[in-house]
Amino acid sequence: MISVSELDRLREVLSHPHVVELLDALSRRPRTVAELNDIGGGYRSVVRRLRMLAAHGLVASDGAGSLDQRYPMTETFALTGHGLRTVAVLSHQDTWDALFGDALGAE
């Protein structure tokens, strides 16, 4: 079973637009910023989400440098081990029920 603190962290991450779609795309293979643009609502939106996901330890890039830098379109991002485990947890309906069941009217 997933802990309450982990559920809270997941809720915070998932509260951002396009995060589920970005995690899903990255779960299949590493992707460049350019490839993620269509999925995540354009460059600025994608970069904001990638920075947030990196800060949570869910993704990492092949480039060196700060999270505050401007990412080239060719920079590649991949899920970390923590990111892979998070995607696996999110693949279970029980997780979604625990995260948002009350909001969806579930008991």
# chains A, B, ... in the order shown; residues from 1 in each chain; ligands from 1
>>> closest_atom_pairs(of="region 1-35 of chain A", to="region 80-97 of chain A", cutoff="10 Å", atoms="only C-alpha atoms", output="Markdown table")
| residue | atom | partner | partner_atom | distance |
| --- | --- | --- | --- | --- |
| A:Met1 | CA | A:Thr95 | CA | 8.8 |
| A:Ile2 | CA | A:Thr95 | CA | 7.6 |
| A:Glu6 | CA | A:Thr86 | CA | 9.8 |
| A:Leu7 | CA | A:Thr95 | CA | 8.2 |
| A:Leu10 | CA | A:Thr86 | CA | 8.4 |
| A:Arg11 | CA | A:Trp96 | CA | 9.8 |
| A:Val20 | CA | A:Val87 | CA | 9.0 |
| A:Leu23 | CA | A:Val87 | CA | 6.9 |
| A:Asp24 | CA | A:Val87 | CA | 7.5 |
| A:Leu26 | CA | A:Leu84 | CA | 9.1 |
| A:Ser27 | CA | A:Leu84 | CA | 7.0 |
>>> select_by_dssp(residues="chain A", states="strand (DSSP E)", output="tab-separated table (two decimals) with C-alpha atoms, in the first residue's frame")
chain	number	residue	atom	x	y	z
A	31	ARG	CA	12.54	11.88	-25.45
A	32	THR	CA	13.96	15.19	-26.56
A	59	VAL	CA	13.36	12.66	-14.65
A	60	ALA	CA	16.93	13.47	-15.61
A	61	SER	CA	18.47	14.91	-18.74
A	76	THR	CA	16.99	14.27	-24.00
A	77	PHE	CA	15.07	13.46	-20.84
A	78	ALA	CA	14.41	10.03	-19.34
A	79	LEU	CA	12.70	8.70	-16.27
>>> closest_residue(among="A:Val4, A:Val19, A:Val47, A:Leu14", to="Arg70 (chain A)", atoms="only C-alpha atoms")
A:Val47
>>> select_by_dssp(residues="region 3-70 of chain A", states="alpha helix (DSSP H)", output="PyMOL selection string")
chain A and resi 4-14+19-28+33-40+43-55
>>> write_last_selection(atoms="N, CA and C atoms", output="compact mmCIF listing (two decimals), in the first residue's frame")
# COMPACT_ATOMS: atom_id res chain seq x y z
N VAL A 4 0.60 7.70 2.99
CA VAL A 4 -0.11 8.97 2.89
C VAL A 4 0.82 10.07 2.38
N SER A 5 2.06 10.07 2.86
CA SER A 5 3.00 11.12 2.42
C SER A 5 3.32 10.96 0.93
N GLU A 6 3.43 9.71 0.46
CA GLU A 6 3.68 9.50 -0.96
C GLU A 6 2.46 9.92 -1.79
N LEU A 7 1.28 9.64 -1.30
CA LEU A 7 0.06 10.09 -1.99
C LEU A 7 0.02 11.62 -2.08
N ASP A 8 0.41 12.28 -1.00
CA ASP A 8 0.44 13.75 -1.01
C ASP A 8 1.44 14.26 -2.04
N ARG A 9 2.63 13.64 -2.13
CA ARG A 9 3.62 14.06 -3.12
C ARG A 9 3.10 13.83 -4.53
N LEU A 10 2.46 12.68 -4.76
CA LEU A 10 1.90 12.39 -6.08
C LEU A 10 0.81 13.39 -6.45
N ARG A 11 -0.05 13.71 -5.51
CA ARG A 11 -1.10 14.71 -5.77
C ARG A 11 -0.50 16.04 -6.20
N GLU A 12 0.56 16.44 -5.52
CA GLU A 12 1.21 17.72 -5.85
C GLU A 12 1.78 17.66 -7.26
N VAL A 13 2.47 16.59 -7.61
CA VAL A 13 3.06 16.44 -8.95
C VAL A 13 1.97 16.40 -10.00
N LEU A 14 0.93 15.64 -9.76
CA LEU A 14 -0.13 15.46 -10.75
C LEU A 14 -1.06 16.67 -10.87
N VAL A 19 1.41 16.68 -16.88
CA VAL A 19 2.39 15.83 -16.21
C VAL A 19 2.13 14.35 -16.51
N VAL A 20 0.90 13.93 -16.45
CA VAL A 20 0.58 12.52 -16.71
C VAL A 20 1.00 12.16 -18.14
N GLU A 21 0.71 13.04 -19.07
CA GLU A 21 1.06 12.77 -20.47
C GLU A 21 2.58 12.72 -20.67
N LEU A 22 3.31 13.61 -20.00
CA LEU A 22 4.77 13.60 -20.11
C LEU A 22 5.35 12.33 -19.49
N LEU A 23 4.87 11.94 -18.31
CA LEU A 23 5.35 10.71 -17.69
C LEU A 23 5.04 9.50 -18.56
N ASP A 24 3.85 9.47 -19.15
CA ASP A 24 3.48 8.37 -20.03
C ASP A 24 4.41 8.29 -21.23
N ALA A 25 4.67 9.42 -21.86
CA ALA A 25 5.57 9.44 -23.03
C ALA A 25 6.97 8.98 -22.64
N LEU A 26 7.46 9.46 -21.51
CA LEU A 26 8.81 9.10 -21.08
C LEU A 26 8.89 7.66 -20.58
N SER A 27 7.76 7.07 -20.23
CA SER A 27 7.78 5.67 -19.78
C SER A 27 8.06 4.71 -20.94
N ARG A 28 7.81 5.17 -22.16
CA ARG A 28 8.05 4.33 -23.34
C ARG A 28 9.50 4.38 -23.79
N VAL A 33 13.36 17.40 -25.84
CA VAL A 33 12.44 18.50 -25.55
C VAL A 33 11.54 18.73 -26.75
N ALA A 34 12.10 18.68 -27.94
CA ALA A 34 11.31 18.88 -29.16
C ALA A 34 10.19 17.84 -29.27
N GLU A 35 10.48 16.59 -28.95
CA GLU A 35 9.46 15.54 -29.02
C GLU A 35 8.37 15.75 -27.97
N LEU A 36 8.73 16.33 -26.85
CA LEU A 36 7.77 16.53 -25.77
C LEU A 36 6.91 17.78 -25.97
N ASN A 37 7.32 18.67 -26.85
CA ASN A 37 6.57 19.91 -27.08
C ASN A 37 5.12 19.65 -27.44
N ASP A 38 4.87 18.73 -28.35
CA ASP A 38 3.50 18.45 -28.78
C ASP A 38 2.66 17.84 -27.67
N ILE A 39 3.30 17.11 -26.80
CA ILE A 39 2.60 16.43 -25.71
C ILE A 39 2.30 17.39 -24.58
N GLY A 40 3.25 18.28 -24.30
CA GLY A 40 3.16 19.08 -23.09
C GLY A 40 2.76 20.52 -23.24
N TYR A 43 7.01 24.66 -25.68
CA TYR A 43 8.33 24.69 -25.05
C TYR A 43 8.27 25.18 -23.60
N ARG A 44 7.69 26.33 -23.36
CA ARG A 44 7.72 26.89 -22.00
C ARG A 44 7.00 26.00 -21.00
N SER A 45 5.87 25.47 -21.38
CA SER A 45 5.12 24.57 -20.51
C SER A 45 5.91 23.29 -20.24
N VAL A 46 6.48 22.72 -21.30
CA VAL A 46 7.25 21.48 -21.16
C VAL A 46 8.45 21.70 -20.23
N VAL A 47 9.16 22.79 -20.43
CA VAL A 47 10.35 23.06 -19.61
C VAL A 47 9.96 23.25 -18.15
N ARG A 48 8.87 23.96 -17.89
CA ARG A 48 8.41 24.11 -16.50
C ARG A 48 8.11 22.76 -15.87
N ARG A 49 7.42 21.92 -16.62
CA ARG A 49 7.07 20.59 -16.08
C ARG A 49 8.31 19.72 -15.91
N LEU A 50 9.22 19.76 -16.86
CA LEU A 50 10.45 18.97 -16.74
C LEU A 50 11.28 19.41 -15.53
N ARG A 51 11.36 20.70 -15.31
CA ARG A 51 12.08 21.21 -14.13
C ARG A 51 11.44 20.71 -12.85
N MET A 52 10.11 20.76 -12.79
CA MET A 52 9.40 20.30 -11.60
C MET A 52 9.61 18.80 -11.41
N LEU A 53 9.50 18.02 -12.51
CA LEU A 53 9.71 16.57 -12.41
C LEU A 53 11.14 16.24 -12.01
N ALA A 54 12.11 17.01 -12.52
CA ALA A 54 13.51 16.80 -12.14
C ALA A 54 13.71 17.14 -10.66
N ALA A 55 13.09 18.20 -10.19
CA ALA A 55 13.21 18.57 -8.78
C ALA A 55 12.65 17.49 -7.86
>>> atom_distance(atom1="CA of His16 (chain A)", atom2="CA of His56 (chain A)")
12.9 Å
>>> atom_distance(atom1="CA of Gly41 (chain A)", atom2="CA of His18 (chain A)")
7.4 Å
